[in-house]
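Visitor: start15.cif (mmCIF, N, CA and C atoms) pasted underneath:
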```cif
data_run
#
loop_
_atom_site.label_atom_id
_atom_site.label_comp_id
_atom_site.auth_asym_id
_atom_site.auth_seq_id
_atom_site.Cartn_x
_atom_site.Cartn_y
_atom_site.Cartn_z
N MET A 1 28.88 -2.59 -1.22
CA MET A 1 27.52 -2.90 -0.82
C MET A 1 27.12 -2.03 0.38
N ILE A 2 27.99 -1.92 1.36
CA ILE A 2 27.67 -1.14 2.56
C ILE A 2 27.44 0.33 2.19
N SER A 3 28.26 0.88 1.31
CA SER A 3 28.09 2.27 0.90
C SER A 3 26.73 2.49 0.26
N PHE A 4 26.31 1.54 -0.59
CA PHE A 4 25.01 1.64 -1.25
C PHE A 4 23.89 1.60 -0.22
N VAL A 5 23.98 0.70 0.74
CA VAL A 5 22.96 0.56 1.77
C VAL A 5 22.86 1.84 2.60
N VAL A 6 23.98 2.37 3.05
CA VAL A 6 23.98 3.58 3.88
C VAL A 6 23.46 4.77 3.08
N GLU A 7 23.84 4.85 1.81
CA GLU A 7 23.35 5.95 0.96
C GLU A 7 21.84 5.93 0.82
N ARG A 8 21.26 4.73 0.71
CA ARG A 8 19.81 4.62 0.49
C ARG A 8 18.99 4.60 1.79
N LEU A 9 19.51 3.94 2.82
CA LEU A 9 18.73 3.73 4.04
C LEU A 9 19.25 4.47 5.27
N GLY A 10 20.46 4.99 5.20
CA GLY A 10 21.08 5.59 6.38
C GLY A 10 21.89 4.54 7.12
N SER A 11 22.46 4.93 8.24
CA SER A 11 23.36 4.01 8.95
C SER A 11 22.64 3.13 9.98
N ALA A 12 21.39 3.43 10.29
CA ALA A 12 20.64 2.60 11.25
C ALA A 12 19.88 1.54 10.46
N VAL A 13 20.55 0.41 10.22
CA VAL A 13 19.98 -0.65 9.40
C VAL A 13 20.12 -2.00 10.09
N GLU A 14 19.35 -2.95 9.61
CA GLU A 14 19.42 -4.33 10.06
C GLU A 14 19.44 -5.20 8.82
N VAL A 15 20.21 -6.26 8.84
CA VAL A 15 20.27 -7.17 7.70
C VAL A 15 19.63 -8.51 8.09
N LEU A 16 18.82 -9.03 7.18
CA LEU A 16 18.18 -10.33 7.37
C LEU A 16 18.69 -11.27 6.28
N GLU A 17 18.94 -12.51 6.65
CA GLU A 17 19.29 -13.52 5.65
C GLU A 17 18.77 -14.87 6.12
N SER A 18 18.29 -15.65 5.18
CA SER A 18 17.77 -16.97 5.51
C SER A 18 18.90 -17.89 5.94
N GLN A 19 18.54 -18.84 6.80
CA GLN A 19 19.49 -19.85 7.25
C GLN A 19 19.74 -20.82 6.09
N PRO A 20 20.98 -21.24 5.88
CA PRO A 20 21.22 -22.23 4.82
C PRO A 20 20.47 -23.53 5.10
N THR A 21 19.99 -24.16 4.04
CA THR A 21 19.29 -25.43 4.17
C THR A 21 20.31 -26.52 4.51
N PRO A 22 20.07 -27.28 5.58
CA PRO A 22 21.01 -28.37 5.91
C PRO A 22 21.12 -29.35 4.75
N GLN A 23 22.30 -29.90 4.56
CA GLN A 23 22.58 -30.79 3.42
C GLN A 23 21.59 -31.94 3.33
N PHE A 24 21.23 -32.54 4.48
CA PHE A 24 20.35 -33.70 4.43
C PHE A 24 18.93 -33.36 3.97
N LEU A 25 18.60 -32.07 3.89
CA LEU A 25 17.26 -31.67 3.43
C LEU A 25 17.24 -31.18 1.99
N LYS A 26 18.39 -31.08 1.35
CA LYS A 26 18.46 -30.49 0.02
C LYS A 26 17.57 -31.20 -0.99
N ASN A 27 17.45 -32.53 -0.90
CA ASN A 27 16.62 -33.28 -1.83
C ASN A 27 15.39 -33.89 -1.16
N ALA A 28 15.07 -33.39 0.02
CA ALA A 28 13.93 -33.92 0.77
C ALA A 28 12.61 -33.55 0.08
N THR A 29 11.65 -34.42 0.23
CA THR A 29 10.32 -34.17 -0.33
C THR A 29 9.28 -34.04 0.77
N SER A 30 9.71 -33.82 1.99
CA SER A 30 8.79 -33.67 3.12
C SER A 30 7.98 -32.39 2.99
N ASN A 31 6.84 -32.38 3.66
CA ASN A 31 6.04 -31.16 3.73
C ASN A 31 6.74 -30.15 4.63
N VAL A 32 6.53 -28.89 4.34
CA VAL A 32 7.08 -27.82 5.16
C VAL A 32 5.92 -27.04 5.76
N THR A 33 6.00 -26.77 7.06
CA THR A 33 4.97 -26.02 7.76
C THR A 33 5.56 -24.71 8.26
N ILE A 34 4.84 -23.63 8.09
CA ILE A 34 5.27 -22.35 8.65
C ILE A 34 4.83 -22.34 10.11
N LYS A 35 5.80 -22.44 11.02
CA LYS A 35 5.51 -22.49 12.45
C LYS A 35 5.27 -21.10 13.03
N SER A 36 5.99 -20.10 12.52
CA SER A 36 5.77 -18.73 12.95
C SER A 36 6.09 -17.80 11.79
N LEU A 37 5.40 -16.66 11.78
CA LEU A 37 5.57 -15.68 10.72
C LEU A 37 5.52 -14.30 11.35
N ASN A 38 6.53 -13.49 11.08
CA ASN A 38 6.63 -12.18 11.69
C ASN A 38 6.84 -11.13 10.60
N LEU A 39 5.92 -10.16 10.51
CA LEU A 39 6.08 -9.06 9.56
C LEU A 39 7.19 -8.15 10.06
N ARG A 40 8.23 -7.97 9.25
CA ARG A 40 9.36 -7.13 9.65
C ARG A 40 9.33 -5.75 9.01
N SER A 41 8.71 -5.62 7.85
CA SER A 41 8.66 -4.33 7.18
C SER A 41 7.47 -4.33 6.23
N ASN A 42 6.74 -3.21 6.23
CA ASN A 42 5.58 -3.14 5.34
C ASN A 42 5.86 -2.25 4.14
N THR A 43 4.88 -2.07 3.31
CA THR A 43 5.06 -1.35 2.04
C THR A 43 5.37 0.13 2.22
N ALA A 44 5.22 0.67 3.41
CA ALA A 44 5.45 2.10 3.61
C ALA A 44 6.93 2.46 3.58
N THR A 45 7.80 1.48 3.79
CA THR A 45 9.23 1.75 3.80
C THR A 45 9.92 1.02 2.67
N ASN A 46 10.90 1.67 2.08
CA ASN A 46 11.71 0.99 1.08
C ASN A 46 12.79 0.18 1.77
N ASN A 47 13.05 -0.98 1.25
CA ASN A 47 14.09 -1.85 1.76
C ASN A 47 15.03 -2.15 0.59
N LEU A 48 16.10 -2.84 0.89
CA LEU A 48 17.05 -3.22 -0.15
C LEU A 48 17.27 -4.73 -0.10
N VAL A 49 17.56 -5.30 -1.24
CA VAL A 49 17.99 -6.69 -1.30
C VAL A 49 19.27 -6.73 -2.12
N CYS A 50 20.19 -7.58 -1.70
CA CYS A 50 21.44 -7.77 -2.42
C CYS A 50 21.56 -9.24 -2.80
N HIS A 51 21.64 -9.49 -4.10
CA HIS A 51 21.73 -10.84 -4.65
C HIS A 51 23.18 -11.16 -5.00
N LYS A 52 23.56 -12.40 -4.79
CA LYS A 52 24.87 -12.87 -5.24
C LYS A 52 24.80 -13.02 -6.76
N LEU A 53 25.78 -12.46 -7.46
CA LEU A 53 25.81 -12.52 -8.91
C LEU A 53 26.86 -13.53 -9.38
N LEU A 54 26.59 -14.15 -10.51
CA LEU A 54 27.55 -15.08 -11.08
C LEU A 54 28.71 -14.28 -11.68
N PHE A 55 29.84 -14.37 -11.03
CA PHE A 55 31.01 -13.59 -11.42
C PHE A 55 32.22 -14.30 -10.83
N PRO A 56 33.38 -14.22 -11.45
CA PRO A 56 34.56 -14.95 -10.92
C PRO A 56 34.93 -14.58 -9.49
N SER A 57 34.64 -13.35 -9.06
CA SER A 57 34.90 -12.97 -7.67
C SER A 57 33.58 -12.58 -7.02
N MET A 58 33.60 -12.35 -5.71
CA MET A 58 32.38 -12.02 -4.98
C MET A 58 31.81 -10.70 -5.50
N LEU A 59 30.60 -10.75 -6.00
CA LEU A 59 29.93 -9.56 -6.50
C LEU A 59 28.46 -9.67 -6.15
N ARG A 60 27.89 -8.58 -5.68
CA ARG A 60 26.47 -8.55 -5.33
C ARG A 60 25.79 -7.43 -6.08
N GLY A 61 24.59 -7.71 -6.54
CA GLY A 61 23.75 -6.69 -7.17
C GLY A 61 22.67 -6.31 -6.18
N CYS A 62 22.59 -5.05 -5.84
CA CYS A 62 21.63 -4.58 -4.84
C CYS A 62 20.60 -3.66 -5.51
N HIS A 63 19.37 -3.74 -5.04
CA HIS A 63 18.32 -2.86 -5.55
C HIS A 63 17.27 -2.64 -4.47
N GLU A 64 16.49 -1.57 -4.66
CA GLU A 64 15.44 -1.25 -3.70
C GLU A 64 14.24 -2.16 -3.89
N LEU A 65 13.56 -2.40 -2.78
CA LEU A 65 12.32 -3.17 -2.78
C LEU A 65 11.19 -2.21 -2.46
N ALA A 66 10.49 -1.77 -3.47
CA ALA A 66 9.35 -0.87 -3.25
C ALA A 66 8.07 -1.71 -3.30
N SER A 67 7.06 -1.26 -2.62
CA SER A 67 5.75 -1.96 -2.58
C SER A 67 5.91 -3.42 -2.18
N THR A 68 6.63 -3.63 -1.10
CA THR A 68 6.85 -5.00 -0.62
C THR A 68 6.59 -5.08 0.88
N LYS A 69 6.43 -6.30 1.33
CA LYS A 69 6.46 -6.61 2.76
C LYS A 69 7.53 -7.67 2.95
N VAL A 70 8.26 -7.54 4.05
CA VAL A 70 9.31 -8.49 4.38
C VAL A 70 8.89 -9.26 5.63
N TYR A 71 9.00 -10.58 5.55
CA TYR A 71 8.61 -11.46 6.66
C TYR A 71 9.81 -12.31 7.06
N GLU A 72 9.83 -12.70 8.33
CA GLU A 72 10.74 -13.75 8.76
C GLU A 72 9.87 -14.90 9.27
N ALA A 73 10.31 -16.11 9.00
CA ALA A 73 9.51 -17.28 9.33
C ALA A 73 10.37 -18.37 9.93
N GLN A 74 9.74 -19.18 10.75
CA GLN A 74 10.36 -20.39 11.25
C GLN A 74 9.65 -21.54 10.55
N LEU A 75 10.39 -22.32 9.77
CA LEU A 75 9.81 -23.41 8.98
C LEU A 75 10.12 -24.75 9.63
N GLN A 76 9.09 -25.58 9.77
CA GLN A 76 9.26 -26.94 10.29
C GLN A 76 9.28 -27.88 9.10
N ILE A 77 10.26 -28.75 9.04
CA ILE A 77 10.47 -29.57 7.85
C ILE A 77 9.45 -30.68 7.71
N ASP A 78 9.01 -31.30 8.76
CA ASP A 78 7.91 -32.26 8.66
C ASP A 78 7.01 -32.10 9.87
N ALA A 79 6.01 -32.92 9.99
CA ALA A 79 5.00 -32.73 11.04
C ALA A 79 5.53 -33.02 12.45
N SER A 80 6.64 -33.71 12.54
CA SER A 80 7.17 -34.08 13.84
C SER A 80 7.79 -32.87 14.53
N ASP A 81 7.45 -32.68 15.81
CA ASP A 81 8.01 -31.55 16.55
C ASP A 81 9.51 -31.72 16.79
N SER A 82 10.02 -32.93 16.60
CA SER A 82 11.45 -33.16 16.82
C SER A 82 12.28 -32.89 15.56
N SER A 83 11.61 -32.64 14.45
CA SER A 83 12.35 -32.36 13.22
C SER A 83 12.95 -30.96 13.30
N PRO A 84 14.02 -30.72 12.55
CA PRO A 84 14.67 -29.40 12.63
C PRO A 84 13.80 -28.30 12.03
N SER A 85 13.99 -27.10 12.53
CA SER A 85 13.31 -25.95 11.93
C SER A 85 14.37 -25.04 11.32
N ILE A 86 13.95 -24.25 10.37
CA ILE A 86 14.86 -23.37 9.64
C ILE A 86 14.30 -21.96 9.67
N TYR A 87 15.16 -20.98 9.91
CA TYR A 87 14.80 -19.57 9.86
C TYR A 87 14.89 -19.13 8.39
N ALA A 88 13.84 -18.49 7.88
CA ALA A 88 13.83 -18.05 6.49
C ALA A 88 13.22 -16.66 6.37
N VAL A 89 13.65 -15.94 5.34
CA VAL A 89 13.15 -14.60 5.05
C VAL A 89 12.35 -14.67 3.75
N ALA A 90 11.20 -14.01 3.75
CA ALA A 90 10.36 -13.97 2.55
C ALA A 90 10.05 -12.52 2.20
N VAL A 91 9.89 -12.28 0.91
CA VAL A 91 9.50 -10.96 0.41
C VAL A 91 8.24 -11.14 -0.43
N CYS A 92 7.25 -10.29 -0.18
CA CYS A 92 6.03 -10.28 -0.98
C CYS A 92 5.96 -8.96 -1.75
N HIS A 93 5.82 -9.07 -3.06
CA HIS A 93 5.74 -7.92 -3.95
C HIS A 93 4.27 -7.63 -4.25
N PHE A 94 3.80 -6.44 -3.88
CA PHE A 94 2.39 -6.10 -4.04
C PHE A 94 2.10 -5.34 -5.32
N ASP A 95 3.11 -4.75 -5.92
CA ASP A 95 2.91 -4.03 -7.18
C ASP A 95 3.88 -4.58 -8.21
N THR A 96 3.37 -5.44 -9.07
CA THR A 96 4.19 -6.05 -10.12
C THR A 96 3.86 -5.44 -11.49
N SER A 97 3.17 -4.33 -11.49
CA SER A 97 2.70 -3.73 -12.75
C SER A 97 3.84 -3.32 -13.68
N LYS A 98 5.03 -3.05 -13.14
CA LYS A 98 6.15 -2.61 -13.97
C LYS A 98 7.13 -3.75 -14.28
N TRP A 99 6.81 -4.96 -13.83
CA TRP A 99 7.68 -6.10 -14.09
C TRP A 99 7.58 -6.52 -15.55
N ASN A 100 8.63 -7.13 -16.05
CA ASN A 100 8.64 -7.70 -17.40
C ASN A 100 7.62 -8.83 -17.45
N SER A 101 6.77 -8.83 -18.46
CA SER A 101 5.73 -9.87 -18.57
C SER A 101 6.32 -11.26 -18.76
N GLY A 102 7.60 -11.34 -19.16
CA GLY A 102 8.26 -12.63 -19.32
C GLY A 102 8.90 -13.16 -18.05
N HIS A 103 8.72 -12.46 -16.92
CA HIS A 103 9.31 -12.91 -15.66
C HIS A 103 8.79 -14.31 -15.34
N PRO A 104 9.67 -15.24 -14.94
CA PRO A 104 9.24 -16.62 -14.67
C PRO A 104 8.16 -16.75 -13.62
N ALA A 105 8.08 -15.82 -12.66
CA ALA A 105 7.06 -15.91 -11.61
C ALA A 105 5.66 -15.87 -12.21
N PHE A 106 5.46 -15.11 -13.27
CA PHE A 106 4.13 -15.02 -13.88
C PHE A 106 3.72 -16.35 -14.50
N ALA A 107 4.66 -17.00 -15.16
CA ALA A 107 4.36 -18.30 -15.76
C ALA A 107 4.09 -19.35 -14.69
N LEU A 108 4.91 -19.35 -13.63
CA LEU A 108 4.72 -20.33 -12.56
C LEU A 108 3.38 -20.16 -11.84
N LEU A 109 2.96 -18.92 -11.65
CA LEU A 109 1.75 -18.64 -10.89
C LEU A 109 0.52 -18.40 -11.77
N GLY A 110 0.71 -18.44 -13.08
CA GLY A 110 -0.42 -18.24 -13.99
C GLY A 110 -1.03 -16.86 -13.89
N THR A 111 -0.18 -15.84 -13.78
CA THR A 111 -0.68 -14.48 -13.64
C THR A 111 0.10 -13.56 -14.57
N SER A 112 -0.11 -12.28 -14.44
CA SER A 112 0.57 -11.31 -15.31
C SER A 112 0.86 -10.04 -14.51
N PRO A 113 1.66 -9.13 -15.08
CA PRO A 113 2.02 -7.92 -14.34
C PRO A 113 0.80 -7.15 -13.82
N GLY A 114 0.90 -6.75 -12.55
CA GLY A 114 -0.16 -5.97 -11.93
C GLY A 114 -1.32 -6.78 -11.40
N LYS A 115 -1.30 -8.09 -11.57
CA LYS A 115 -2.40 -8.96 -11.12
C LYS A 115 -1.94 -9.80 -9.94
N GLY A 116 -2.29 -9.42 -8.75
CA GLY A 116 -1.98 -10.22 -7.57
C GLY A 116 -0.62 -9.94 -6.97
N THR A 117 -0.34 -10.65 -5.90
CA THR A 117 0.89 -10.52 -5.13
C THR A 117 1.80 -11.70 -5.41
N ILE A 118 3.09 -11.44 -5.48
CA ILE A 118 4.08 -12.50 -5.67
C ILE A 118 5.00 -12.52 -4.47
N CYS A 119 5.04 -13.67 -3.80
CA CYS A 119 5.91 -13.86 -2.63
C CYS A 119 6.94 -14.94 -2.93
N HIS A 120 8.11 -14.79 -2.34
CA HIS A 120 9.15 -15.80 -2.52
C HIS A 120 10.12 -15.77 -1.34
N TRP A 121 10.81 -16.87 -1.15
CA TRP A 121 11.82 -16.98 -0.11
C TRP A 121 13.11 -16.34 -0.60
N ILE A 122 13.85 -15.78 0.32
CA ILE A 122 15.17 -15.22 0.03
C ILE A 122 16.20 -16.31 0.29
N ARG A 123 17.10 -16.50 -0.65
CA ARG A 123 18.13 -17.53 -0.51
C ARG A 123 19.11 -17.17 0.61
N ALA A 124 19.79 -18.18 1.10
CA ALA A 124 20.74 -17.97 2.21
C ALA A 124 21.91 -17.08 1.83
N ASP A 125 22.22 -16.95 0.55
CA ASP A 125 23.36 -16.12 0.15
C ASP A 125 22.92 -14.73 -0.31
N GLU A 126 21.69 -14.35 0.03
CA GLU A 126 21.17 -13.02 -0.30
C GLU A 126 20.89 -12.27 1.00
N HIS A 127 20.88 -10.94 0.92
CA HIS A 127 20.67 -10.11 2.11
C HIS A 127 19.52 -9.14 1.88
N VAL A 128 18.64 -9.03 2.88
CA VAL A 128 17.59 -8.01 2.86
C VAL A 128 17.96 -7.00 3.94
N TRP A 129 18.05 -5.75 3.55
CA TRP A 129 18.42 -4.66 4.46
C TRP A 129 17.18 -3.85 4.81
N LEU A 130 16.95 -3.64 6.11
CA LEU A 130 15.81 -2.88 6.60
C LEU A 130 16.31 -1.65 7.35
N ARG A 131 15.58 -0.57 7.19
CA ARG A 131 15.86 0.63 8.00
C ARG A 131 15.33 0.38 9.40
N VAL A 132 16.13 0.63 10.40
CA VAL A 132 15.70 0.46 11.79
C VAL A 132 14.85 1.65 12.15
N GLN A 133 13.64 1.38 12.64
CA GLN A 133 12.69 2.45 12.99
C GLN A 133 12.92 2.96 14.39
#
```
Produce structure tokens that represent the structure in this file.
Guide:
Amino acid sequence: MISFVVERLGSAVEVLESQPTPQFLKNATSNVTIKSLNLRSNTATNNLVCHKLLFPSMLRGCHELASTKVYEAQLQIDASDSSPSIYAVAVCHFDTSKWNSGHPAFALLGTSPGKGTICHWIRADEHVWLRVQ
């Protein structure tokens, strides 16, 4: 994974990963509020994401993120200021024109390739790699 990242982005990189969801929140139905949102990378730079793959040993599939913005957010689990907050990473895809029309995001959002932006949270076991400017 490191070799792939250095080959694509160089050695001056930063890795972002979402904080794991605490066990007591896994089945919670509370509202979530975005307390802060910070743009970390815009569409002008390519970034990488590495996903954990289902395989008997640790294996990650990495690919470039073109036409995306990467955000980091602090999420508040309910309206109470005393409730825990979670650090999370989100990726917004601005050009979905080359995506497979059967991608589940299109069905969930009622859209199709090339129509609109698709944003999603990055899981705690995934890594987003950014080139340090």
Visitor: Can you tell me, as a PyMOL selection string, what residues are no more than 6.5 Å from Gln19 in chain A when counting only N, CA and C atoms, ignoring any on the same chain fewer than 5 positions away?
Guide: chain A and resi 86-89+123-124
Visitor: Could you please determine the separation between atom C of Pro22 in chain A and atom N of Val91 in chain A in Å, to one decimal place?
Guide: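 Atom C of Pro22 in chain A sits 20.8 Å away from atom N of Val91 in chain A.
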Visitor: Apply the PyMOL selection byres ((chain A and resi 72-76) around 7) to the file shown and report the selected residues as a ChimeraX atom specification.
Guide: /A:31-40,70-71,77-79,83-90
Visitor: Now that the selection is made, can you save its residues with N, CA and C atoms as a CSV table (one decimal), in the frame of the given file?
Guide:
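New file result-v9.csv:
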```
chain,number,residue,atom,x,y,z
A,31,ASN,N,6.8,-32.4,3.7
A,31,ASN,CA,6.0,-31.2,3.7
A,31,ASN,C,6.7,-30.2,4.6
A,32,VAL,N,6.5,-28.9,4.3
A,32,VAL,CA,7.1,-27.8,5.2
A,32,VAL,C,5.9,-27.0,5.8
A,33,THR,N,6.0,-26.8,7.1
A,33,THR,CA,5.0,-26.0,7.8
A,33,THR,C,5.6,-24.7,8.3
A,34,ILE,N,4.8,-23.6,8.1
A,34,ILE,CA,5.3,-22.4,8.6
A,34,ILE,C,4.8,-22.3,10.1
A,35,LYS,N,5.8,-22.4,11.0
A,35,LYS,CA,5.5,-22.5,12.4
A,35,LYS,C,5.3,-21.1,13.0
A,36,SER,N,6.0,-20.1,12.5
A,36,SER,CA,5.8,-18.7,13.0
A,36,SER,C,6.1,-17.8,11.8
A,37,LEU,N,5.4,-16.7,11.8
A,37,LEU,CA,5.6,-15.7,10.7
A,37,LEU,C,5.5,-14.3,11.4
A,38,ASN,N,6.5,-13.5,11.1
A,38,ASN,CA,6.6,-12.2,11.7
A,38,ASN,C,6.8,-11.1,10.6
A,39,LEU,N,5.9,-10.2,10.5
A,39,LEU,CA,6.1,-9.1,9.6
A,39,LEU,C,7.2,-8.2,10.1
A,40,ARG,N,8.2,-8.0,9.2
A,40,ARG,CA,9.4,-7.1,9.6
A,40,ARG,C,9.3,-5.8,9.0
A,70,VAL,N,8.3,-7.5,4.0
A,70,VAL,CA,9.3,-8.5,4.4
A,70,VAL,C,8.9,-9.3,5.6
A,71,TYR,N,9.0,-10.6,5.6
A,71,TYR,CA,8.6,-11.5,6.7
A,71,TYR,C,9.8,-12.3,7.1
A,77,ILE,N,10.3,-28.8,9.0
A,77,ILE,CA,10.5,-29.6,7.8
A,77,ILE,C,9.4,-30.7,7.7
A,78,ASP,N,9.0,-31.3,8.8
A,78,ASP,CA,7.9,-32.3,8.7
A,78,ASP,C,7.0,-32.1,9.9
A,79,ALA,N,6.0,-32.9,10.0
A,79,ALA,CA,5.0,-32.7,11.0
A,79,ALA,C,5.5,-33.0,12.4
A,83,SER,N,11.6,-32.6,14.4
A,83,SER,CA,12.4,-32.4,13.2
A,83,SER,C,13.0,-31.0,13.3
A,84,PRO,N,14.0,-30.7,12.6
A,84,PRO,CA,14.7,-29.4,12.6
A,84,PRO,C,13.8,-28.3,12.0
A,85,SER,N,14.0,-27.1,12.5
A,85,SER,CA,13.3,-26.0,11.9
A,85,SER,C,14.4,-25.0,11.3
A,86,ILE,N,14.0,-24.2,10.4
A,86,ILE,CA,14.9,-23.4,9.6
A,86,ILE,C,14.3,-22.0,9.7
A,87,TYR,N,15.2,-21.0,9.9
A,87,TYR,CA,14.8,-19.6,9.9
A,87,TYR,C,14.9,-19.1,8.4
A,88,ALA,N,13.8,-18.5,7.9
A,88,ALA,CA,13.8,-18.0,6.5
A,88,ALA,C,13.2,-16.7,6.4
A,89,VAL,N,13.6,-15.9,5.3
A,89,VAL,CA,13.2,-14.6,5.0
A,89,VAL,C,12.4,-14.7,3.8
A,90,ALA,N,11.2,-14.0,3.8
A,90,ALA,CA,10.4,-14.0,2.6
A,90,ALA,C,10.0,-12.5,2.2
```
Visitor: I need the residue set behind the PyMOL selection byres ((chain A and resi 47) around 6) for this file; please write it as a list in words.
Guide: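 Evaluating the PyMOL selection byres ((chain A and resi 47) around 6) on these coordinates yields Thr45, Asn46, Leu48, Val49, His63, Glu64, Leu65, Ala66, Trp129, Leu130 and Arg131 of chain A.
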Visitor: Specify as number ranges by chain each residue included when the PyMOL selection byres (((chain A and resi 13 and name CA) around 9) and name CA) is applied to this file.
Guide: A: 5-6, 9-12, 14-15, 129-133
Visitor: Taking the backbone alone, and naming residues the way the document does, which bits of range 24-122 of chain A are helix (DSSP H, G or I) by DSSP, as a list in words?
Guide: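 DSSP on the backbone gives helix (DSSP H, G or I) at Phe24, Leu25, Pro104, Ala105, Phe106, Ala107, Leu108 and Leu109 of chain A.
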Visitor: Can you work out which one of A:Ser82, A:Gly102, A:Ser97, A:Met1 has the shortest atom-to-atom distance to Cys50 in chain A, counting only N, CA and C atoms?
Guide: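 Closest to Cys50 in chain A of all the choices is A:Met1.
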Visitor: Distance CA of Arg60 in chain A-CA of Pro113 in chain A, one decimal place?
Guide: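 Rounded to one decimal, the two atoms are 26.1 Å apart.
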Visitor: Could you check how far atom C of Leu53 in chain A sits from atom N of Asp95 in chain A, in Å to one decimal?
Guide: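 Atom N of Asp95 in chain A lies 25.6 Å from atom C of Leu53 in chain A.
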Visitor: Output as a PyMOL selection string all residues of chain A that backbone DSSP marks as strand (DSSP E or B).
Guide: chain A and resi 13-16+33-41+47-52+60-65+68-76+85-93+118-121+127-131
Visitor: Report as an NGL selection string all protein, DNA and RNA residues lying within 6.5 Å of Ser112 in chain A, evaluated on all atoms listed in the file, omitting residues in the same chain fewer than 2 positions from it.
Guide: :A and (96 or 101 or 106 or 110 or 114-115)
